[in-house]
Amino acid sequence: MKNPSDDWEELRRKVLGLGDNSVRKTHYLGLRQRLAELERFRAKLQQSEAYLLEVQRLSRTGSFGWKIATGELLWSEETFRIFQYDPATKPTIEMVLQRVHPDDLAHVRQTIERASSDGKNFDHEYRLLTPDGSIKHVHAVAHAATEATGSIEFVGAVMDVTERNNANDELARLASIVASSDDAIIGKDLDGRITSWNAAATRIFGYQENEMIGRPIARIVPSELQAEENEILARLTRGERIHHYETVRVAKDGRRVDVSVTASPLRDKSGRVIGASKVARDITARRQTEKLQQALQTQLAHLGRVSTLGELTASIAHEVNQPLTGIVSSGNACLRWLAGQPPNIERASRSVERIVRDANRAGAVIGRVRGLAKKSPPQKVWLDVNEAVMDIVALTRREIRQNQIALRTQLSDEIPPVLADRIQLQQVILNLIMNAVEAMSALSDGPRELLLGTAIDELDGVRLTVADSGLGLEPDKLEDIFNAFYTTKPEGMGMGLTVSRSIIEAHGGQLWATPNLPRGAVFQITLPLDREKPG
């Protein structure tokens with residue numbers, strides 16, 4: 001078939017070569033009309049070719065022709081791009097084979113040879129190894145047509161399917177991860193109905209996939225937590241992501257399962273939220289372990305307090321005996337004033353007032369001791385750190401005086417209440433003060449000074465400082481002293497500072513030690529401030 005462009009050029013030359021007198025005017029006009037039609041056809045053809053090239057480029061699909069009799073190949077521009085050859089090059093079968101991946105070469109040769117012999121359609125996929133070392137996946141489809149001469153010509157397309165195959169591989173990998181995951185991976189729509197349910201979800205909650213697909217997620221949510229699940233769904237619908245939210249779900253057999261949930265919104269191509277994906281990790285065993293650890297820590301902390309109170313027996317007895325002695329003395333005086341003739345009521349009343357004062361003082365000491373000796377689970381309340389410090393100072397005052405230690409307090413009036421367990425915090429303060437007293441009691445010379453201070457921390461928390469001028473700490477042992485069973489005392493257990501740090505960290509704070517210059521040690525505690533604190 002003659003190329004329309006050649007036809008157009010021939011007519012154009014004829015028309016331009018004609019004069020008014022050489023042919024009849026009607027014939028001239030007819031040729032001009034034919035020329036205009038061919039020009040329009042040529043413009044449409046060029047536009048169609050441009051569209052075809054753009055479509056091939058966008059779809060990464062090239063076209064080709066292959067004449068079996070001559071071996072001639074015709075490639076589109078996109079085919080040249082796929083095989084990474086210069087479009088000015090005349091394509092050959094050998095050029096195709098040069099690009100085929102070595103592992104696929106035998107398969108491609110076999111396909112070409114079979115098509116050459118039987119002249120039937122073929123459809124196959126193989127890989128290309130490009131000059132830069134990268135690998136492409138291509139899908140070639142060809143249709144056999146018989147020419148008028150009887151020879152076979154193939155017309156086909158070759159598509160670069162690398163991205164599709166990579167995407168399929170990634171989907172297969174993700175599917176494998178979902179199937180083998182130890183965490184429940186659950187999909188749901190915006191109505192809360194389950195759209196996907198993996199094997200781990202069956203293992204954790206007991207329901208099979210066919211029991212849950214299409215059912216509401218509320219089936220595994222405790223009745224008292226339905227509002228919580230509705231809020232989670234509302235947040236996901238707004239496009240929010242939920243990280244490691246710990247809650248409870250109900251299994252098929254009625255068991256309550258502690259889970260940590262991470263949920264993400266699922267979006268369509270336009271970015272609209274159409275559902276959600278949830279990953280639920282079974283943390284029941286972890287929660288049980290944490291409860292056991294908490295119980296053991298509470299027991300250990302209690303033993304530590306009782307042990308320390310045992311060391312303070314003499315001090316406690318002294319603190320109680322002083323007001324008791326005063327009570328006896330004031331009672332005798334009261335009796336004397338009442339036995340007089342006439343009775344001295346005014347002085348007797350003052351003696352009774354002293355009895356009441358000393359009784360309250362003794363009661364306060366006993367109350368502090370009972371509080372520290374009490375075995376109970378942690379109970380966080382709003383408390384005044386300064387008050388907690390002074391309560392422990394009252395219990396240790398005799399030890400401080402007996403060891404000739406100068407006590408200095410710098411307690412800030414600006415610190416707000418903190419949310420903490422009073423008994424546990426006082427146990428830490430007691431342990432640090434007693435350690436400081438023991439460190440200074442071994443000194444043969446030099447000052448013995450104990451500083452207790454509170455202040456607002458630079459990170460907007462409360463800082464408590466216990467500084468002494470004792471034997472001090474070795475710089476390379478500053479962390480070792482917090483390890484379990486590490487002690488520098490001949491009869492120490494090495495648990496006091498370990499328990500103290502765990503208590504402070506459970507309150508969201510920190511406990512650390514630094515050397516005190518020129519001698520001694522400084523222990524510092526920071527406790528976070530709750531933004532919803534009262535007042």
# chains A, B, ... in the order shown; residues from 1 in each chain; ligands from 1
>>> select_by_dssp(residues="stretch 82-199 of chain A", states="strand (DSSP E)", output="PyMOL selection string")
chain A and resi 122-129+135-146+152-160+184-189+194-197
>>> residues_around(residues="A:Pro87", least_positions_apart="4", cutoff="10 Å", atoms="only C-alpha atoms", output="list in words")
Trp75, Ser76, Glu77, Glu78, Thr79, Phe80, Arg81 and Pro91 of chain A
>>> select_by_dssp(residues="stretch 101-192 of chain A", states="helix (DSSP H, G or I)", output="PyMOL selection string")
chain A and resi 102-118+162-180
>>> write_last_selection(atoms="N, CA, C and O atoms", output="CSV table (one decimal), in the first residue's frame")
chain,number,residue,atom,x,y,z
A,102,PRO,N,20.3,-14.1,31.2
A,102,PRO,CA,20.8,-15.4,30.9
A,102,PRO,C,20.0,-16.6,31.4
A,102,PRO,O,19.9,-17.6,30.7
A,103,ASP,N,19.3,-16.4,32.5
A,103,ASP,CA,18.4,-17.5,33.1
A,103,ASP,C,17.2,-17.7,32.2
A,103,ASP,O,16.5,-18.8,32.4
A,104,ASP,N,16.8,-16.7,31.4
A,104,ASP,CA,15.6,-16.8,30.6
A,104,ASP,C,15.9,-17.0,29.1
A,104,ASP,O,15.0,-17.1,28.3
A,105,LEU,N,17.2,-17.1,28.8
A,105,LEU,CA,17.6,-17.1,27.4
A,105,LEU,C,17.1,-18.3,26.7
A,105,LEU,O,16.5,-18.3,25.5
A,106,ALA,N,17.2,-19.5,27.3
A,106,ALA,CA,16.8,-20.8,26.6
A,106,ALA,C,15.2,-20.7,26.3
A,106,ALA,O,14.8,-21.1,25.3
A,107,HIS,N,14.5,-20.2,27.3
A,107,HIS,CA,13.0,-20.1,27.1
A,107,HIS,C,12.7,-19.2,25.9
A,107,HIS,O,11.8,-19.5,25.1
A,108,VAL,N,13.3,-18.0,25.8
A,108,VAL,CA,13.0,-17.1,24.8
A,108,VAL,C,13.4,-17.6,23.4
A,108,VAL,O,12.7,-17.5,22.4
A,109,ARG,N,14.6,-18.3,23.3
A,109,ARG,CA,15.0,-18.9,22.1
A,109,ARG,C,14.0,-20.0,21.6
A,109,ARG,O,13.6,-20.0,20.4
A,110,GLN,N,13.5,-20.8,22.6
A,110,GLN,CA,12.6,-21.8,22.2
A,110,GLN,C,11.3,-21.2,21.7
A,110,GLN,O,10.7,-21.7,20.7
A,111,THR,N,10.8,-20.1,22.3
A,111,THR,CA,9.6,-19.4,21.9
A,111,THR,C,9.7,-18.9,20.5
A,111,THR,O,8.8,-19.0,19.6
A,112,ILE,N,10.9,-18.3,20.2
A,112,ILE,CA,11.1,-17.7,18.8
A,112,ILE,C,11.2,-18.8,17.8
A,112,ILE,O,10.6,-18.7,16.7
A,113,GLU,N,11.9,-19.9,18.1
A,113,GLU,CA,12.0,-21.0,17.1
A,113,GLU,C,10.7,-21.6,16.9
A,113,GLU,O,10.3,-22.0,15.7
A,114,ARG,N,9.9,-21.8,17.9
A,114,ARG,CA,8.5,-22.5,17.7
A,114,ARG,C,7.6,-21.6,16.9
A,114,ARG,O,6.9,-22.0,16.0
A,115,ALA,N,7.7,-20.2,17.2
A,115,ALA,CA,6.8,-19.3,16.4
A,115,ALA,C,7.3,-19.3,14.9
A,115,ALA,O,6.4,-19.2,14.0
A,116,SER,N,8.6,-19.4,14.7
A,116,SER,CA,9.1,-19.4,13.3
A,116,SER,C,8.6,-20.6,12.5
A,116,SER,O,8.4,-20.5,11.3
A,117,SER,N,8.5,-21.7,13.2
A,117,SER,CA,8.2,-23.0,12.5
A,117,SER,C,6.7,-23.2,12.4
A,117,SER,O,6.2,-23.7,11.4
A,118,ASP,N,5.9,-22.9,13.5
A,118,ASP,CA,4.4,-23.2,13.4
A,118,ASP,C,3.6,-22.0,13.1
A,118,ASP,O,2.4,-22.1,12.7
A,162,THR,N,7.8,-4.4,34.9
A,162,THR,CA,8.7,-4.4,36.1
A,162,THR,C,8.0,-3.9,37.3
A,162,THR,O,8.0,-4.6,38.4
A,163,GLU,N,7.3,-2.8,37.2
A,163,GLU,CA,6.7,-2.2,38.4
A,163,GLU,C,5.5,-3.1,38.9
A,163,GLU,O,5.3,-3.3,40.1
A,164,ARG,N,4.8,-3.6,37.9
A,164,ARG,CA,3.7,-4.5,38.3
A,164,ARG,C,4.2,-5.8,39.0
A,164,ARG,O,3.6,-6.2,40.0
A,165,ASN,N,5.2,-6.4,38.5
A,165,ASN,CA,5.7,-7.6,39.1
A,165,ASN,C,6.3,-7.3,40.5
A,165,ASN,O,6.2,-8.0,41.4
A,166,ASN,N,7.0,-6.1,40.6
A,166,ASN,CA,7.5,-5.7,41.9
A,166,ASN,C,6.4,-5.5,42.9
A,166,ASN,O,6.5,-5.9,44.1
A,167,ALA,N,5.3,-4.9,42.4
A,167,ALA,CA,4.2,-4.6,43.3
A,167,ALA,C,3.6,-6.0,43.7
A,167,ALA,O,3.2,-6.1,44.9
A,168,ASN,N,3.5,-6.9,42.7
A,168,ASN,CA,2.9,-8.2,43.1
A,168,ASN,C,3.8,-8.9,44.1
A,168,ASN,O,3.3,-9.6,45.0
A,169,ASP,N,5.1,-8.8,43.9
A,169,ASP,CA,6.1,-9.4,44.9
A,169,ASP,C,5.9,-8.8,46.2
A,169,ASP,O,5.9,-9.5,47.3
A,170,GLU,N,5.7,-7.5,46.3
A,170,GLU,CA,5.5,-6.8,47.5
A,170,GLU,C,4.2,-7.2,48.2
A,170,GLU,O,4.2,-7.4,49.4
A,171,LEU,N,3.2,-7.3,47.4
A,171,LEU,CA,1.9,-7.8,47.9
A,171,LEU,C,2.0,-9.2,48.5
A,171,LEU,O,1.4,-9.5,49.5
A,172,ALA,N,2.7,-10.0,47.7
A,172,ALA,CA,2.9,-11.4,48.2
A,172,ALA,C,3.7,-11.4,49.5
A,172,ALA,O,3.4,-12.2,50.4
A,173,ARG,N,4.7,-10.5,49.6
A,173,ARG,CA,5.5,-10.4,50.8
A,173,ARG,C,4.7,-10.0,52.0
A,173,ARG,O,4.7,-10.5,53.1
A,174,LEU,N,3.9,-8.9,51.7
A,174,LEU,CA,3.0,-8.4,52.8
A,174,LEU,C,2.0,-9.4,53.2
A,174,LEU,O,1.7,-9.6,54.4
A,175,ALA,N,1.4,-10.2,52.2
A,175,ALA,CA,0.5,-11.2,52.6
A,175,ALA,C,1.1,-12.3,53.4
A,175,ALA,O,0.5,-12.8,54.4
A,176,SER,N,2.4,-12.6,53.1
A,176,SER,CA,3.1,-13.6,53.9
A,176,SER,C,3.3,-13.1,55.3
A,176,SER,O,3.2,-13.9,56.3
A,177,ILE,N,3.7,-11.8,55.4
A,177,ILE,CA,3.9,-11.2,56.8
A,177,ILE,C,2.6,-11.2,57.6
A,177,ILE,O,2.5,-11.6,58.7
A,178,VAL,N,1.5,-10.8,56.9
A,178,VAL,CA,0.2,-10.8,57.6
A,178,VAL,C,-0.2,-12.3,58.0
A,178,VAL,O,-0.7,-12.5,59.2
A,179,ALA,N,0.0,-13.2,57.1
A,179,ALA,CA,-0.3,-14.6,57.5
A,179,ALA,C,0.5,-15.2,58.6
A,179,ALA,O,0.0,-16.0,59.4
A,180,SER,N,1.8,-14.8,58.6
A,180,SER,CA,2.7,-15.4,59.6
A,180,SER,C,2.9,-14.5,60.9
A,180,SER,O,3.6,-14.9,61.8
>>> closest_atom_pairs(of="stretch 412-507 of chain A", to="stretch 380-394 of chain A", cutoff="6 Å", atoms="only C-alpha atoms", output="tab-separated table")
residue	atom	partner	partner_atom	distance
A:Pro417	CA	A:Asp384	CA	5.0
A:Val418	CA	A:Trp382	CA	5.5
A:Leu419	CA	A:Trp382	CA	4.6
A:Ala420	CA	A:Lys380	CA	4.4
A:Asp421	CA	A:Lys380	CA	4.2
>>> write_last_selection(atoms="all heavy atoms", output="CSV table (one decimal), in the first residue's frame")
chain,number,residue,atom,x,y,z
A,417,PRO,N,2.5,20.8,94.7
A,417,PRO,CA,2.3,19.4,95.0
A,417,PRO,C,2.6,18.4,93.8
A,417,PRO,O,2.5,18.8,92.7
A,417,PRO,CB,0.8,19.3,95.4
A,417,PRO,CG,0.4,20.7,95.7
A,417,PRO,CD,1.2,21.5,94.8
A,418,VAL,N,3.1,17.2,94.2
A,418,VAL,CA,3.3,16.2,93.1
A,418,VAL,C,2.5,15.0,93.4
A,418,VAL,O,2.1,14.8,94.5
A,418,VAL,CB,4.8,15.8,93.1
A,418,VAL,CG1,5.7,17.0,92.7
A,418,VAL,CG2,5.3,15.2,94.4
A,419,LEU,N,2.2,14.3,92.3
A,419,LEU,CA,1.4,13.1,92.4
A,419,LEU,C,2.3,11.9,92.7
A,419,LEU,O,3.1,11.5,91.8
A,419,LEU,CB,0.6,12.8,91.2
A,419,LEU,CG,-0.5,11.8,91.2
A,419,LEU,CD1,-1.6,12.1,92.2
A,419,LEU,CD2,-1.1,11.6,89.8
A,420,ALA,N,2.3,11.4,93.9
A,420,ALA,CA,3.3,10.3,94.3
A,420,ALA,C,2.7,9.5,95.4
A,420,ALA,O,1.8,9.9,96.1
A,420,ALA,CB,4.6,11.0,94.7
A,421,ASP,N,3.4,8.3,95.6
A,421,ASP,CA,3.0,7.5,96.8
A,421,ASP,C,3.9,8.0,98.0
A,421,ASP,O,5.1,7.9,97.9
A,421,ASP,CB,3.3,6.0,96.4
A,421,ASP,CG,3.0,5.1,97.6
A,421,ASP,OD1,3.8,4.9,98.5
A,421,ASP,OD2,1.9,4.5,97.6
>>> atom_distance(atom1="atom CA of A:Arg249", atom2="atom CA of A:Ala280")
9.7 Å
>>> residues_around(residues="stretch 182-198 of chain A", least_positions_apart="4", cutoff="12 Å", atoms="only C-alpha atoms", output="PyMOL selection string")
chain A and resi 174-178+202-221+226+229-239+249+259-267+272-283
>>> atom_distance(atom1="atom CA of A:Leu335", atom2="atom CA of A:Gly363")
23.2 Å
>>> residues_around(residues="A:Pro528", least_positions_apart="5", cutoff="12 Å", atoms="only C-alpha atoms", output="PDB file with C-alpha atoms, in the first residue's frame")
ATOM      1  CA  ILE A 415       7.309  23.925  94.511  1.00  0.00           C
ATOM      2  CA  PRO A 416       3.756  22.684  93.839  1.00  0.00           C
ATOM      3  CA  PRO A 417       2.303  19.358  95.034  1.00  0.00           C
ATOM      4  CA  VAL A 418       3.348  16.231  93.123  1.00  0.00           C
ATOM      5  CA  LEU A 419       1.385  13.058  92.440  1.00  0.00           C
ATOM      6  CA  ALA A 420       3.283  10.339  94.293  1.00  0.00           C
ATOM      7  CA  ILE A 456      11.854  23.717  90.663  1.00  0.00           C
ATOM      8  CA  ASP A 457      13.849  21.723  88.109  1.00  0.00           C
ATOM      9  CA  GLU A 458      14.956  23.373  84.868  1.00  0.00           C
ATOM     10  CA  LEU A 459      12.793  20.839  82.992  1.00  0.00           C
ATOM     11  CA  ASP A 460       9.740  22.072  84.925  1.00  0.00           C
ATOM     12  CA  GLY A 461       9.654  19.319  87.532  1.00  0.00           C
ATOM     13  CA  VAL A 462      10.523  19.086  91.223  1.00  0.00           C
ATOM     14  CA  ARG A 463      14.136  18.404  92.183  1.00  0.00           C
ATOM     15  CA  LEU A 464      15.134  16.950  95.569  1.00  0.00           C
ATOM     16  CA  ILE A 504      11.440   6.973  91.380  1.00  0.00           C
ATOM     17  CA  GLU A 505      11.355   5.668  87.791  1.00  0.00           C
ATOM     18  CA  ALA A 506       7.902   4.189  88.442  1.00  0.00           C
ATOM     19  CA  HIS A 507       6.866   7.775  89.290  1.00  0.00           C
ATOM     20  CA  GLY A 508       8.213   8.952  85.923  1.00  0.00           C
ATOM     21  CA  GLY A 509      11.282  10.554  87.516  1.00  0.00           C
ATOM     22  CA  GLN A 510      15.019   9.981  87.767  1.00  0.00           C
ATOM     23  CA  LYS A 533      -2.428  19.206  89.597  1.00  0.00           C
TER      24      LYS A 533
END
>>> closest_residue(among="A:Glu228, A:Glu153, A:Asp160, A:Asp258", to="A:Ile135", atoms="only C-alpha atoms")
A:Asp160
>>> closest_residue(among="A:Ser412, A:Ser134, A:Thr146, A:Asn435", to="A:Ala521", atoms="only C-alpha atoms")
A:Asn435
>>> atom_distance(atom1="atom CA of A:Gln424", atom2="atom CA of A:Ala442")
27.9 Å
>>> closest_atom_pairs(of="stretch 338-431 of chain A", to="stretch 468-472 of chain A", cutoff="10 Å", atoms="only C-alpha atoms", output="tab-separated table")
residue	atom	partner	partner_atom	distance
A:Ile405	CA	A:Asp468	CA	9.5
A:Ala406	CA	A:Asp468	CA	9.9
A:Leu407	CA	A:Asp468	CA	9.6
>>> write_last_selection(atoms="C-alpha atoms", output="PDB file, in the first residue's frame")
ATOM      1  CA  ILE A 405      26.269  16.153 111.606  1.00  0.00           C
ATOM      2  CA  ALA A 406      25.264  19.696 110.780  1.00  0.00           C
ATOM      3  CA  LEU A 407      21.886  19.568 109.018  1.00  0.00           C
TER       4      LEU A 407
END
>>> closest_residue(among="A:Ile481, A:Cys334, A:Met434, A:Ala140", to="A:Glu346", atoms="only C-alpha atoms")
A:Cys334
>>> closest_residue(among="A:Asp445, A:Gly150, A:Val96, A:Val161", to="A:Gly119", atoms="only C-alpha atoms")
A:Gly150
